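Just entry_22.csv here, CSV, C-alpha atoms and all ligand atoms:
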chain,number,residue,atom,x,y,z
A,1,MET,CA,146.2,64.4,82.6
A,2,SER,CA,144.6,64.3,86.0
A,3,GLU,CA,145.9,61.6,88.3
A,4,GLU,CA,142.7,61.5,90.4
A,5,SER,CA,141.0,58.1,90.6
A,6,ASP,CA,137.9,57.5,88.5
A,7,ASP,CA,136.3,54.9,90.7
A,8,ARG,CA,133.5,57.0,91.9
A,9,GLU,CA,130.2,55.1,91.7
A,10,PRO,CA,126.9,56.4,93.1
A,11,PRO,CA,125.0,53.8,95.2
A,12,ARG,CA,122.9,51.7,92.8
A,13,TRP,CA,119.7,52.4,94.6
A,14,LEU,CA,120.1,56.2,94.5
A,15,THR,CA,119.0,57.0,90.9
A,16,PRO,CA,115.9,54.8,90.9
A,17,LEU,CA,114.8,56.2,94.3
A,18,LEU,CA,115.3,59.8,93.2
A,19,VAL,CA,113.7,59.3,89.8
A,20,ALA,CA,110.7,57.4,91.3
A,21,GLY,CA,110.3,60.0,94.0
A,22,ALA,CA,110.3,62.8,91.5
A,23,PHE,CA,107.8,61.1,89.2
A,24,ALA,CA,105.4,60.4,92.1
A,25,LEU,CA,105.7,64.0,93.3
A,26,ILE,CA,105.1,65.5,89.9
A,27,ALA,CA,102.3,63.1,89.0
A,28,PHE,CA,100.6,64.1,92.2
A,29,ALA,CA,101.2,67.8,91.7
A,30,GLU,CA,99.8,67.8,88.2
A,31,THR,CA,96.5,66.5,89.4
A,32,ARG,CA,96.3,69.5,91.8
A,33,ARG,CA,97.3,72.2,89.4
A,34,PRO,CA,96.6,71.1,85.8
A,35,LEU,CA,98.0,73.2,83.0
A,36,ARG,CA,96.0,71.9,80.0
A,37,ARG,CA,92.6,70.2,79.7
A,38,ARG,CA,92.8,66.4,79.2
A,39,ARG,CA,91.3,64.7,76.2
A,40,GLU,CA,91.5,61.1,77.5
A,41,ARG,CA,90.7,59.4,80.8
A,42,ARG,CA,93.8,59.6,82.9
A,43,ALA,CA,93.7,55.9,83.9
A,44,THR,CA,93.5,54.7,80.3
A,45,HIS,CA,96.2,57.1,79.2
A,46,THR,CA,98.6,56.2,82.1
A,47,ALA,CA,98.1,52.5,81.6
A,48,ARG,CA,98.9,52.7,77.9
A,49,ASN,CA,102.0,54.8,78.5
A,50,LEU,CA,103.2,52.5,81.3
A,51,ALA,CA,102.7,49.4,79.1
A,52,THR,CA,104.7,51.1,76.3
A,53,ALA,CA,107.4,52.1,78.8
A,54,GLY,CA,107.6,48.6,80.3
A,55,LEU,CA,108.2,46.9,76.9
A,56,THR,CA,110.8,49.6,75.9
A,57,ALA,CA,112.6,49.3,79.3
A,58,ALA,CA,112.9,45.5,78.9
A,59,ILE,CA,114.3,45.7,75.4
A,60,THR,CA,116.6,48.6,76.0
A,61,SER,CA,118.1,47.0,79.2
A,62,ALA,CA,118.7,43.8,77.2
A,63,LEU,CA,120.7,45.9,74.8
A,64,GLN,CA,122.5,48.2,77.3
A,65,ALA,CA,123.8,45.3,79.5
A,66,PRO,CA,126.1,43.8,76.8
A,67,LEU,CA,126.8,47.0,74.8
A,68,LEU,CA,126.7,50.2,76.8
A,69,ALA,CA,127.7,49.0,80.3
A,70,PRO,CA,131.0,47.3,79.3
A,71,LEU,CA,131.9,50.4,77.2
A,72,VAL,CA,131.3,52.8,80.1
A,73,ALA,CA,133.4,50.5,82.3
A,74,ARG,CA,136.3,50.4,79.8
A,75,VAL,CA,136.2,54.2,79.1
A,76,THR,CA,136.3,54.8,82.9
A,77,ARG,CA,139.1,52.3,83.6
A,78,ASP,CA,141.3,53.0,80.6
A,79,ARG,CA,140.6,56.8,80.7
A,80,LEU,CA,139.6,56.9,77.0
A,81,GLY,CA,138.0,59.8,75.0
A,82,LEU,CA,138.3,63.5,74.7
A,83,LEU,CA,137.8,64.6,78.3
A,84,HIS,CA,140.4,62.2,79.6
A,85,ARG,CA,143.1,63.7,77.2
A,86,LEU,CA,142.7,67.2,78.8
A,87,PRO,CA,144.4,68.0,82.1
A,88,LEU,CA,141.2,68.8,84.0
A,89,PRO,CA,140.2,68.4,87.6
A,90,ARG,CA,137.7,65.7,88.0
A,91,SER,CA,134.8,68.1,88.9
A,92,VAL,CA,135.4,70.1,85.7
A,93,ARG,CA,135.5,66.9,83.6
A,94,THR,CA,132.2,65.9,85.2
A,95,LEU,CA,130.6,69.3,84.5
A,96,LEU,CA,131.9,69.3,80.9
A,97,GLY,CA,130.7,65.7,80.4
A,98,VAL,CA,127.2,66.6,81.5
A,99,LEU,CA,127.1,69.6,79.2
A,100,LEU,CA,128.4,67.7,76.2
A,101,LEU,CA,126.0,64.8,76.8
A,102,ASP,CA,123.1,67.2,77.1
A,103,TYR,CA,124.1,69.4,74.1
A,104,THR,CA,124.5,66.3,71.8
A,105,LEU,CA,121.2,65.0,73.0
A,106,TRP,CA,119.7,68.2,71.5
A,107,TRP,CA,121.2,67.1,68.1
A,108,TRP,CA,119.8,63.6,68.6
A,109,HIS,CA,116.3,64.9,69.3
A,110,ARG,CA,116.5,67.2,66.3
A,111,ALA,CA,117.7,64.3,64.1
A,112,ASN,CA,114.7,62.3,65.4
A,113,HIS,CA,112.4,65.0,63.9
A,114,GLU,CA,114.3,65.7,60.7
A,115,LEU,CA,115.3,62.2,59.5
A,116,PRO,CA,112.3,60.2,58.4
A,117,PRO,CA,113.6,56.8,59.5
A,118,LEU,CA,114.1,58.1,63.0
A,119,TRP,CA,110.9,60.2,63.0
A,120,ARG,CA,108.6,57.2,62.5
A,121,PHE,CA,109.8,55.9,65.9
A,122,HIS,CA,109.8,59.3,67.7
A,123,LEU,CA,106.3,59.9,66.2
A,124,VAL,CA,105.0,57.3,68.8
A,125,HIS,CA,106.0,59.7,71.6
A,126,HIS,CA,104.4,62.7,69.8
A,127,VAL,CA,101.0,61.2,68.9
A,128,ASP,CA,100.1,61.1,72.6
A,129,ARG,CA,97.0,63.4,72.7
A,130,ASP,CA,97.7,64.4,76.3
A,131,LEU,CA,100.9,65.5,77.9
A,132,ASP,CA,101.7,64.4,81.5
A,133,ALA,CA,104.4,62.8,83.5
A,134,SER,CA,103.5,59.4,82.0
A,135,THR,CA,104.4,60.7,78.5
A,136,ALA,CA,107.9,61.3,79.7
A,137,ILE,CA,108.5,57.5,79.7
A,138,ARG,CA,106.3,56.6,76.7
A,139,PHE,CA,108.9,56.0,73.9
A,140,HIS,CA,108.8,53.3,71.3
A,141,PHE,CA,111.4,50.5,71.9
A,142,GLY,CA,112.8,51.2,68.4
A,143,GLU,CA,113.7,54.8,69.3
A,144,LEU,CA,115.3,54.0,72.6
A,145,SER,CA,117.1,50.9,71.1
A,146,LEU,CA,118.7,53.2,68.5
A,147,SER,CA,119.6,55.7,71.1
A,148,VAL,CA,121.7,53.1,72.9
A,149,PHE,CA,124.1,53.2,69.9
A,150,TYR,CA,124.1,57.0,70.0
A,151,ARG,CA,124.8,57.0,73.7
A,152,MET,CA,127.8,54.6,73.1
A,153,ALA,CA,129.2,57.1,70.5
A,154,GLN,CA,128.8,60.0,73.0
A,155,VAL,CA,130.5,58.0,75.8
A,156,ARG,CA,133.4,56.8,73.7
A,157,LEU,CA,134.0,60.1,71.9
A,158,PHE,CA,133.8,62.4,74.9
A,159,GLY,CA,135.2,60.0,77.5
A,160,VAL,CA,132.2,60.0,79.8
A,161,ASP,CA,132.9,58.0,83.0
A,162,ALA,CA,130.3,56.0,84.9
A,163,PHE,CA,129.7,58.7,87.5
A,164,THR,CA,129.1,61.5,85.0
A,165,LEU,CA,126.8,59.3,82.9
A,166,SER,CA,124.8,58.3,86.0
A,167,LEU,CA,124.6,62.0,87.2
A,168,TRP,CA,123.4,63.2,83.8
A,169,GLN,CA,120.8,60.4,83.4
A,170,THR,CA,119.4,61.1,86.8
A,171,LEU,CA,119.1,64.9,86.1
A,172,LEU,CA,117.6,64.1,82.7
A,173,LEU,CA,115.0,61.7,84.0
A,174,VAL,CA,113.8,64.1,86.6
A,175,SER,CA,113.8,66.9,84.0
A,176,ILE,CA,111.7,64.9,81.4
A,177,ALA,CA,109.2,64.0,84.2
A,178,PHE,CA,108.9,67.7,85.0
A,179,HIS,CA,108.7,69.2,81.5
A,180,HIS,CA,106.3,66.6,80.1
A,181,SER,CA,104.0,67.2,83.1
A,182,ASN,CA,100.7,68.9,83.1
A,183,LEU,CA,101.7,71.0,86.0
A,184,ARG,CA,100.7,74.7,86.1
A,185,LEU,CA,103.4,76.9,87.5
A,186,THR,CA,103.0,80.7,87.8
A,187,PRO,CA,104.1,82.4,84.6
A,188,GLU,CA,106.7,84.3,86.6
A,189,LEU,CA,108.2,81.1,88.0
A,190,GLU,CA,108.1,79.4,84.7
A,191,ARG,CA,109.9,82.4,83.0
A,192,ARG,CA,112.7,82.3,85.6
A,193,LEU,CA,113.1,78.5,85.3
A,194,ALA,CA,113.0,78.6,81.4
A,195,ARG,CA,116.2,80.6,81.5
A,196,TRP,CA,118.0,77.5,82.7
A,197,ILE,CA,115.9,74.4,82.2
A,198,VAL,CA,113.1,73.1,80.0
A,199,THR,CA,109.7,73.8,81.5
A,200,PRO,CA,106.2,72.4,81.0
A,201,ARG,CA,104.9,75.3,78.9
A,202,MET,CA,108.1,75.3,76.8
A,203,HIS,CA,107.8,71.5,76.1
A,204,GLY,CA,104.1,71.8,75.5
A,205,ILE,CA,104.9,74.0,72.5
A,206,HIS,CA,107.2,71.2,71.2
A,207,HIS,CA,104.2,68.8,71.4
A,208,SER,CA,101.8,71.2,69.5
A,209,ASP,CA,100.0,69.8,66.5
A,210,TYR,CA,101.5,72.6,64.3
A,211,ARG,CA,104.7,71.6,62.6
A,212,ASP,CA,106.5,74.9,63.1
A,213,GLU,CA,105.9,74.7,66.8
A,214,THR,CA,107.0,71.1,67.1
A,215,ASP,CA,110.2,72.1,65.2
A,216,SER,CA,111.3,74.1,68.2
A,217,ASN,CA,112.3,73.5,71.8
A,218,TRP,CA,114.5,70.4,71.3
A,219,SER,CA,116.3,70.8,74.5
A,220,SER,CA,115.9,68.1,77.2
A,221,LEU,CA,117.5,69.4,80.3
A,222,PHE,CA,119.2,72.8,79.9
A,223,SER,CA,117.2,75.2,77.7
A,224,TRP,CA,120.4,76.9,76.5
A,225,TRP,CA,120.8,74.8,73.4
A,226,ASP,CA,117.6,76.2,71.9
A,227,ARG,CA,118.7,79.7,72.7
A,228,LEU,CA,122.0,79.0,71.1
A,229,HIS,CA,120.4,77.8,67.9
A,230,GLY,CA,117.5,80.3,67.8
A,231,THR,CA,115.0,77.5,68.1
A,232,LEU,CA,113.5,78.5,71.5
A,233,ARG,CA,109.8,79.4,71.5
A,234,LEU,CA,107.9,80.6,74.5
A,235,ASP,CA,105.3,82.6,72.5
A,236,VAL,CA,102.4,80.1,72.2
A,237,PRO,CA,99.8,80.1,75.0
A,238,GLN,CA,99.0,76.6,76.2
A,239,ASN,CA,95.2,77.1,75.7
A,240,ALA,CA,95.9,77.6,72.0
A,241,ILE,CA,97.7,74.3,71.7
A,242,ASP,CA,96.2,70.9,70.8
A,243,ILE,CA,98.7,68.2,71.9
A,244,GLY,CA,99.5,65.5,69.3
A,245,VAL,CA,100.0,65.0,65.6
A,246,PRO,CA,97.0,66.0,63.4
A,247,ALA,CA,97.1,62.8,61.2
A,248,TYR,CA,96.8,60.7,64.3
A,249,ALA,CA,94.2,62.6,66.2
A,250,ARG,CA,91.5,60.0,66.6
A,251,ALA,CA,91.3,57.7,69.7
A,252,SER,CA,91.7,54.6,67.4
A,253,ASP,CA,95.1,56.0,66.1
A,254,VAL,CA,96.6,55.9,69.6
A,255,THR,CA,95.6,52.5,71.1
A,256,LEU,CA,98.5,50.4,72.5
A,257,ALA,CA,98.5,48.1,69.5
A,258,ALA,CA,98.3,51.1,67.0
A,259,ILE,CA,101.3,52.9,68.5
A,260,THR,CA,103.4,49.8,68.8
A,261,ALA,CA,102.9,49.0,65.2
A,262,LEU,CA,103.0,52.6,64.0
A,263,PRO,CA,106.7,52.8,62.9
A,264,PHE,CA,106.3,49.6,60.8
A,265,ARG,CA,103.3,50.8,58.9
A,266,ALA,CA,102.9,53.1,55.8
A,267,GLN,CA,103.2,56.6,57.2
A,268,ARG,CA,100.5,59.2,56.8
A,269,ASP,CA,101.1,62.9,56.0
A,270,ASP,CA,101.7,63.8,59.6
A,271,TRP,CA,100.6,67.4,59.5
A,272,MET,CA,97.4,66.8,57.5
A,273,ALA,CA,94.3,67.1,59.7
A,274,THR,CA,91.2,65.0,59.1
A,275,GLY,CA,89.3,68.1,57.7
A,276,GLY,CA,92.1,68.5,55.0
A,277,ALA,CA,93.9,71.5,56.6
A,278,GLN,CA,97.7,71.3,56.7
A,279,HIS,CA,99.1,72.1,60.1
A,280,LEU,CA,102.4,73.5,59.0
A,281,VAL,CA,102.3,77.0,60.4
A,282,ARG,CA,99.6,78.3,62.8
A,283,PRO,CA,97.3,80.6,60.7
A,284,SER,CA,97.8,83.8,62.8
A,285,PRO,CA,100.5,84.4,65.3
A,286,VAL,CA,98.9,84.1,68.8
A,287,SER,CA,101.2,86.5,70.6
A,288,THR,CA,104.7,88.0,70.4
A,289,GLU,CA,108.0,86.7,71.6
A,290,THR,CA,107.8,88.8,74.7
A,291,ALA,CA,104.3,87.8,75.7
A,292,PRO,CA,104.1,85.8,78.9
A,293,PRO,CA,103.7,82.0,78.2
A,294,CYS,CA,100.3,81.2,79.6
A,301,ZN,ZN,110.3,65.6,70.0

Using structure tokens, write down the structure that the file contains.
Ligand SMILES: [Zn+2]
Amino acid sequence: MSEESDDREPPRWLTPLLVAGAFALIAFAETRRPLRRRRERRATHTARNLATAGLTAAITSALQAPLLAPLVARVTRDRLGLLHRLPLPRSVRTLLGVLLLDYTLWWWHRANHELPPLWRFHLVHHVDRDLDASTAIRFHFGELSLSVFYRMAQVRLFGVDAFTLSLWQTLLLVSIAFHHSNLRLTPELERRLARWIVTPRMHGIHHSDYRDETDSNWSSLFSWWDRLHGTLRLDVPQNAIDIGVPAYARASDVTLAAITALPFRAQRDDWMATGGAQHLVRPSPVSTETAPPC
């Protein structure tokens, strides 16, 4: 077991500053180089997403303070969990901690799609009819409250210390701002980045209103987990994609009141469009796996 001390703590102001800076930069850049055409007015869309995010942040912090924070402190102090049992240098333990957190988040995201009680909350994120940096923080309070308990299990099982958790959360927040953004990169740059991390076109496919495309690209930071599981898709051009969920495609389906109440109401057949067509698989393949994502 490593004898190195585990009292590393990043300054408390660093993560909010980095994350706010990244969001501001990305939100500005996506207005200059938009990737997809908007369906809603940006101000209305952003205001709704910020309101959803504010309520969710208030409720999740009220849960995290008494539950997650003391657990992280105990795991760090008492050197609990898998990674603390191995004789690893601190830097390797941090690296493995980040990878384990990110890989198991892939499973949590997948579970949020495949298990109906979780999907009704995650659906709130997916019914957004435009995808931009504000979508990155638009999650229902029910989804993120449940994720606090999943995070507690990750921390306790793997032995994630405070520094590692903070590092991963900072990288994750910057990553979700980036890959939800409506930012057009050159296809070449996007292809290079997609070998490592989730990119805007890759995540745009995950927000498609066709089920088989939504059931792909579950990674949140590193894109490797989708490669590993054969669930990576880069073959759908963005101009072929309608963002959202077909059963909730009208403006009245996505008001602030409607999306807040959505998980608690009778659920529609998500993939049934208003015209009666089922959006399970896109009728004809739009391109091949090797085609450039554009
Ligand atoms: Zn999703």

- Query: Got a sec: who's within 10 Å of segment 14-19 of chain A, counting only C-alpha atoms, leaving out chain neighbours fewer than 3 positions off, as a ChimeraX atom specification?
  - Reply: /A:10-11,22-25,166-167,169-175,177

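Candidate residues A:Phe178, A:Phe163, A:Tyr248, A:Trp106 were compared for distance to ligand ZN 301 (chain A), and the nearest is A:Trp106, using only C-alpha atoms and all ligand atoms.
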
- Message: Just want the 7 Å neighbourhood of Pro246 of chain A, counted on all atoms listed in the file, with same-chain residues fewer than 3 positions away dropped. Output as a list of chain:residue names.
- Response: A:Asp209, A:Ala249, A:Asp270, A:Trp271, A:Met272, A:Ala273

- Message: List as a list of chain:residue names the residues having at least one atom at most 9 Å from position (108.7, 52.6, 76.5) as given in the file, counting all atoms listed in the file.
- Response: A:Asn49, A:Leu50, A:Ala51, A:Thr52, A:Ala53, A:Gly54, A:Leu55, A:Thr56, A:Ala57, A:Ala58, A:Ile59, A:Thr60, A:Ile137, A:Arg138, A:Phe139, A:His140, A:Phe141, A:Leu144

Within 7 Å of Arg39 of chain A, counting only C-alpha atoms, which residues qualify if same-chain residues fewer than 2 places away don't, as a compact mmCIF listing (two decimals) with C-alpha atoms, in the coordinates of the input?
# COMPACT_ATOMS: atom_id res chain seq x y z
CA ARG A 37 92.60 70.20 79.70
CA ARG A 129 97.00 63.40 72.70
CA ASP A 130 97.70 64.40 76.30

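In this structure, atom CA of Arg93 of chain A sits 25.7 Å away from atom CA of Arg110 of chain A.
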
Can you list every residue of chain A that has an atom at most 9 Å from ligand ZN 301 (chain A), with its nearest atom pair and the distance in Å to one decimal, using all atoms listed in the file, ordered by chain then number, as a tab-separated table?
residue	atom	partner	partner_atom	distance
A:His109	CA	A:ZN301	ZN	6.1
A:Arg110	CA	A:ZN301	ZN	7.4
A:Asn112	CA	A:ZN301	ZN	7.2
A:His113	CA	A:ZN301	ZN	6.5
A:Trp119	CA	A:ZN301	ZN	8.9
A:His122	CA	A:ZN301	ZN	6.7
A:Leu123	CA	A:ZN301	ZN	7.9
A:His125	CA	A:ZN301	ZN	7.5
A:His126	CA	A:ZN301	ZN	6.6
A:His203	CA	A:ZN301	ZN	8.8
A:His206	CA	A:ZN301	ZN	6.5
A:His207	CA	A:ZN301	ZN	7.0
A:Thr214	CA	A:ZN301	ZN	7.0
A:Asp215	CA	A:ZN301	ZN	8.1
A:Ser216	CA	A:ZN301	ZN	8.7
A:Asn217	CA	A:ZN301	ZN	8.3
A:Trp218	CA	A:ZN301	ZN	6.5

- Message: Please list as a ChimeraX atom specification every residue within 9 Å of Trp224 of chain A, counting all atoms listed in the file and excluding residues in the same chain fewer than 3 positions away.
- Response: /A:103,195-198,219,221,227-229,232

- Quick one: residues within 9 Å of Arg32 of chain A, all atoms listed in the file counted, chain neighbours fewer than 3 positions away excluded, as number ranges by chain? A: 28-29, 183-184

- Between A:Met202, A:Val92, A:Leu67, A:Leu262, smallest distance to Val236 of chain A by all atoms listed in the file belongs to A:Met202

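Atom CA of Leu101 of chain A sits 21.0 Å away from atom CA of Pro66 of chain A.
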
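If you look at atom CA of Val124 of chain A and atom CA of Glu40 of chain A, they are 16.5 Å away from each other.
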
- Task: Compute the distance from (131.6, 49.8, 80.2) to each atom, counting all atoms listed in the file, keep the residues with any atom at most 12 Å away, and return them as a count of residues only; use the coordinates of the file.
- Result: 27

- Looking at A:Leu115, A:Leu157, A:Ile241, A:Phe121, which one is nearest to Ala261 of chain A, with distances taken over only C-alpha atoms? A:Phe121

- Note on the structure: Thr260 of chain A proximity check over A:His84, A:Arg48, A:Arg90, A:His179, using all atoms listed in the file: winner is A:Arg48

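If you measure from each of A:Leu63, A:Arg12, A:Pro200, A:Leu131 to Leu146 of chain A using all atoms listed in the file, the closest one turns out to be A:Leu63.
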
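Comparing A:Thr135, A:Asn239, A:Ser208, A:Thr231 by their smallest distance to Arg36 of chain A, the closest is A:Asn239 (using all atoms listed in the file).
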